[in-house]
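Colleague: Sharing a structure, written as structure tokens. Questions coming.
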Amino acid sequence: MASEARLYQFSPDTTARLRKFRLSTSRAKTPQAIILTIDKKTFEIKPADEVYESLKDVADGLPEHAPRFVLLSYPTTLKDGRMATPYVMLNWMPVTVGAELRMLYAGAKELVRNTAEVGKILEVAEEEDIIGVGEVLKEG
């Protein structure tokens with residue numbers, strides 16, 4: 001992780017916002033998601049201003065030809081009947097993404113995971129993958 005920490009960066013405001021998002025969504029009754037992008041010039045990882053409240057809205061908010069990270073808190077009932085709110089990262093990587101952007105986001109993936117303190121990374125490449133995340137998370 002040392003090399004990623006030197007190349008990619010989070011501003012103190014972004015780090016504080018990610019922490020606040022994680023803590024505030026742990027007891028939410030609806031899904032909550034924010035989309036993160038990497039500035040290609042400065043390599044700063046930045047969150048979008050909007051907080052999405054459904055998987056459909058998240059899918060609609062993602063570009064068709066560019067990767068993104070999505071932090072998702074998704075309240076669900078597990079198969080054994082318990083309530084849970086998994087906090088996961090979706091790695092949005094459409095098949096049409098060029099090699100340069102693939103490498104840019106691949107290099108930052110573990111740093112984002114550790115900084116955001118997510119429990120699991122789910123790889124998604126199509127809108128249907130995002131809408132189906134709820135079923136994946138129910139499995140535990």
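How things are named: the first chain in the structure tokens is A, the next is B, and so on; residues count from 1 in each chain; ligands count from 1 in the order shown.
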Taking 3 positions as the minimum chain separation for residues in the same chain, which residues sit within 9 Å of Thr30 of chain A when counting only C-alpha atoms? Answer as a ChimeraX atom specification.

Modeller: /A:25,53-54,73-75

Colleague: Take the residues just selected and output them with C-alpha atoms as a PDB file, in the first residue's frame.

Modeller:
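Just written: part14.pdb:
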```pdb
ATOM      1  CA  THR A  25     -25.276   4.999   7.151  1.00  0.00           C
ATOM      2  CA  GLU A  53     -30.737   6.161  -2.260  1.00  0.00           C
ATOM      3  CA  SER A  54     -31.430   3.282  -4.637  1.00  0.00           C
ATOM      4  CA  SER A  73     -24.433   0.877   2.637  1.00  0.00           C
ATOM      5  CA  TYR A  74     -27.292  -1.529   1.943  1.00  0.00           C
ATOM      6  CA  PRO A  75     -29.798  -2.481   4.673  1.00  0.00           C
TER       7      PRO A  75
END
```

Colleague: So that I can see what lies close to Lys20 of chain A, please list as a compact mmCIF listing (two decimals) with N, CA, C and O atoms, in the first residue's frame the residues with an atom at most 12 Å from it, counting only C-alpha atoms and leaving out residues fewer than 5 positions away in the same chain.

Modeller:
```
# COMPACT_ATOMS: atom_id res chain seq x y z
N ASP A 13 -10.67 16.78 3.90
CA ASP A 13 -12.13 16.92 3.84
C ASP A 13 -12.78 15.63 3.31
O ASP A 13 -13.81 15.19 3.81
N THR A 14 -12.16 15.04 2.29
CA THR A 14 -12.70 13.80 1.73
C THR A 14 -12.62 12.67 2.74
O THR A 14 -13.59 11.91 2.92
N THR A 15 -11.51 12.55 3.44
CA THR A 15 -11.36 11.51 4.45
C THR A 15 -12.41 11.67 5.53
O THR A 15 -13.05 10.69 5.95
N THR A 25 -24.45 5.93 7.92
CA THR A 25 -25.28 5.00 7.15
C THR A 25 -25.42 3.64 7.82
O THR A 25 -26.21 2.81 7.36
N SER A 26 -24.71 3.40 8.89
CA SER A 26 -24.74 2.07 9.50
C SER A 26 -26.13 1.70 10.05
O SER A 26 -26.45 0.54 10.17
N ILE A 34 -22.35 6.67 -2.38
CA ILE A 34 -21.67 7.80 -2.99
C ILE A 34 -20.68 7.26 -4.01
O ILE A 34 -20.15 6.16 -3.86
N ALA A 116 -11.70 3.95 3.11
CA ALA A 116 -13.15 3.98 3.34
C ALA A 116 -13.59 2.94 4.37
O ALA A 116 -14.73 2.96 4.82
N GLU A 117 -12.71 2.01 4.70
CA GLU A 117 -12.97 0.96 5.69
C GLU A 117 -14.16 0.08 5.32
O GLU A 117 -15.00 -0.24 6.15
```

Colleague: Taking the DSSP secondary structure from the backbone, can you list the residues of chain A that are alpha helix (DSSP H), as a VMD selection string?

Modeller: chain A and resid 2 to 7 12 to 25 55 to 61 99 to 116 127 to 131 133 to 138

Colleague: Name the residues in contact with Arg102 of chain A at a cut-off of 9 Å, using only C-alpha atoms, excluding same-chain residues fewer than 5 positions from it; report them as a PyMOL selection string.

Modeller: chain A and resi 66-67+93+97+107

Colleague: Determine which residues of segment 35-125 of chain A DSSP labels as strand (DSSP E or B) from the backbone of this structure, then write them out as a CSV table (one decimal) with N, CA and C atoms, in the first residue's frame.

Modeller:
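So the final result, stored in out02.csv, reads:
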```csv
chain,number,residue,atom,x,y,z
A,35,ILE,N,-20.5,8.1,-5.1
A,35,ILE,CA,-19.6,7.7,-6.1
A,35,ILE,C,-18.3,8.4,-6.0
A,36,LEU,N,-17.2,7.7,-6.2
A,36,LEU,CA,-15.8,8.3,-6.1
A,36,LEU,C,-15.2,8.3,-7.4
A,37,THR,N,-14.5,9.4,-7.8
A,37,THR,CA,-13.7,9.5,-9.0
A,37,THR,C,-12.3,9.8,-8.7
A,38,ILE,N,-11.4,9.6,-9.7
A,38,ILE,CA,-10.0,9.9,-9.5
A,38,ILE,C,-9.7,11.0,-10.5
A,44,GLU,N,-6.0,12.8,-7.2
A,44,GLU,CA,-6.8,12.9,-5.9
A,44,GLU,C,-8.1,12.2,-6.1
A,45,ILE,N,-8.5,11.4,-5.1
A,45,ILE,CA,-9.8,10.7,-5.1
A,45,ILE,C,-10.8,11.5,-4.5
A,46,LYS,N,-11.9,11.8,-5.2
A,46,LYS,CA,-12.9,12.7,-4.8
A,46,LYS,C,-14.3,12.1,-4.8
A,47,PRO,N,-15.1,12.4,-3.8
A,47,PRO,CA,-16.5,11.9,-3.8
A,47,PRO,C,-17.4,12.9,-4.6
A,52,TYR,N,-26.8,8.8,-3.3
A,52,TYR,CA,-27.9,8.0,-4.0
A,52,TYR,C,-28.6,7.1,-3.0
A,68,ARG,N,-15.5,3.8,-11.9
A,68,ARG,CA,-15.8,4.6,-10.7
A,68,ARG,C,-15.7,3.6,-9.5
A,69,PHE,N,-15.6,4.2,-8.3
A,69,PHE,CA,-15.7,3.4,-7.1
A,69,PHE,C,-17.0,3.9,-6.5
A,70,VAL,N,-17.8,3.0,-5.9
A,70,VAL,CA,-19.1,3.3,-5.3
A,70,VAL,C,-19.0,2.7,-3.9
A,71,LEU,N,-19.2,3.6,-2.9
A,71,LEU,CA,-19.4,3.1,-1.5
A,71,LEU,C,-20.8,3.0,-1.2
A,72,LEU,N,-21.2,1.8,-0.8
A,72,LEU,CA,-22.6,1.4,-0.6
A,72,LEU,C,-22.9,0.9,0.7
A,73,SER,N,-23.9,1.4,1.4
A,73,SER,CA,-24.4,0.9,2.6
A,73,SER,C,-25.8,0.4,2.3
A,76,THR,N,-30.5,-4.8,4.6
A,76,THR,CA,-31.1,-6.0,4.1
A,76,THR,C,-31.4,-7.0,5.2
A,77,THR,N,-32.3,-7.9,4.9
A,77,THR,CA,-32.6,-9.0,5.8
A,77,THR,C,-31.9,-10.2,5.2
A,83,MET,N,-31.4,-8.7,10.5
A,83,MET,CA,-31.2,-7.5,9.8
A,83,MET,C,-29.7,-7.2,9.7
A,84,ALA,N,-29.2,-6.7,8.6
A,84,ALA,CA,-27.8,-6.3,8.5
A,84,ALA,C,-27.7,-5.1,7.5
A,87,TYR,N,-21.5,-2.7,4.5
A,87,TYR,CA,-20.9,-1.5,3.9
A,87,TYR,C,-19.8,-2.1,2.9
A,88,VAL,N,-20.1,-1.9,1.6
A,88,VAL,CA,-19.2,-2.5,0.6
A,88,VAL,C,-18.8,-1.4,-0.4
A,89,MET,N,-17.8,-1.8,-1.2
A,89,MET,CA,-17.4,-1.0,-2.3
A,89,MET,C,-17.7,-1.7,-3.6
A,90,LEU,N,-18.3,-1.0,-4.5
A,90,LEU,CA,-18.5,-1.5,-5.9
A,90,LEU,C,-17.4,-1.0,-6.8
A,91,ASN,N,-16.7,-1.8,-7.4
A,91,ASN,CA,-15.7,-1.4,-8.4
A,91,ASN,C,-16.3,-1.4,-9.8
A,92,TRP,N,-16.8,-0.3,-10.2
A,92,TRP,CA,-17.5,-0.1,-11.5
A,92,TRP,C,-16.4,-0.1,-12.6
A,120,LYS,N,-16.0,-5.4,2.0
A,120,LYS,CA,-16.0,-6.2,0.8
A,120,LYS,C,-16.0,-5.4,-0.4
A,121,ILE,N,-15.3,-5.9,-1.5
A,121,ILE,CA,-15.3,-5.2,-2.8
A,121,ILE,C,-16.1,-6.1,-3.7
A,122,LEU,N,-17.1,-5.6,-4.4
A,122,LEU,CA,-17.8,-6.3,-5.4
A,122,LEU,C,-17.5,-5.7,-6.8
A,123,GLU,N,-17.1,-6.6,-7.7
A,123,GLU,CA,-16.8,-6.2,-9.1
A,123,GLU,C,-18.0,-6.1,-9.9
A,124,VAL,N,-18.3,-4.9,-10.5
A,124,VAL,CA,-19.5,-4.8,-11.4
A,124,VAL,C,-19.1,-4.1,-12.7
```

Colleague: Separation of atom CA of Glu110 of chain A and atom CA of Lys79 of chain A, in Å?

Modeller: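 Here the two named atoms are 29.4 Å from each other.
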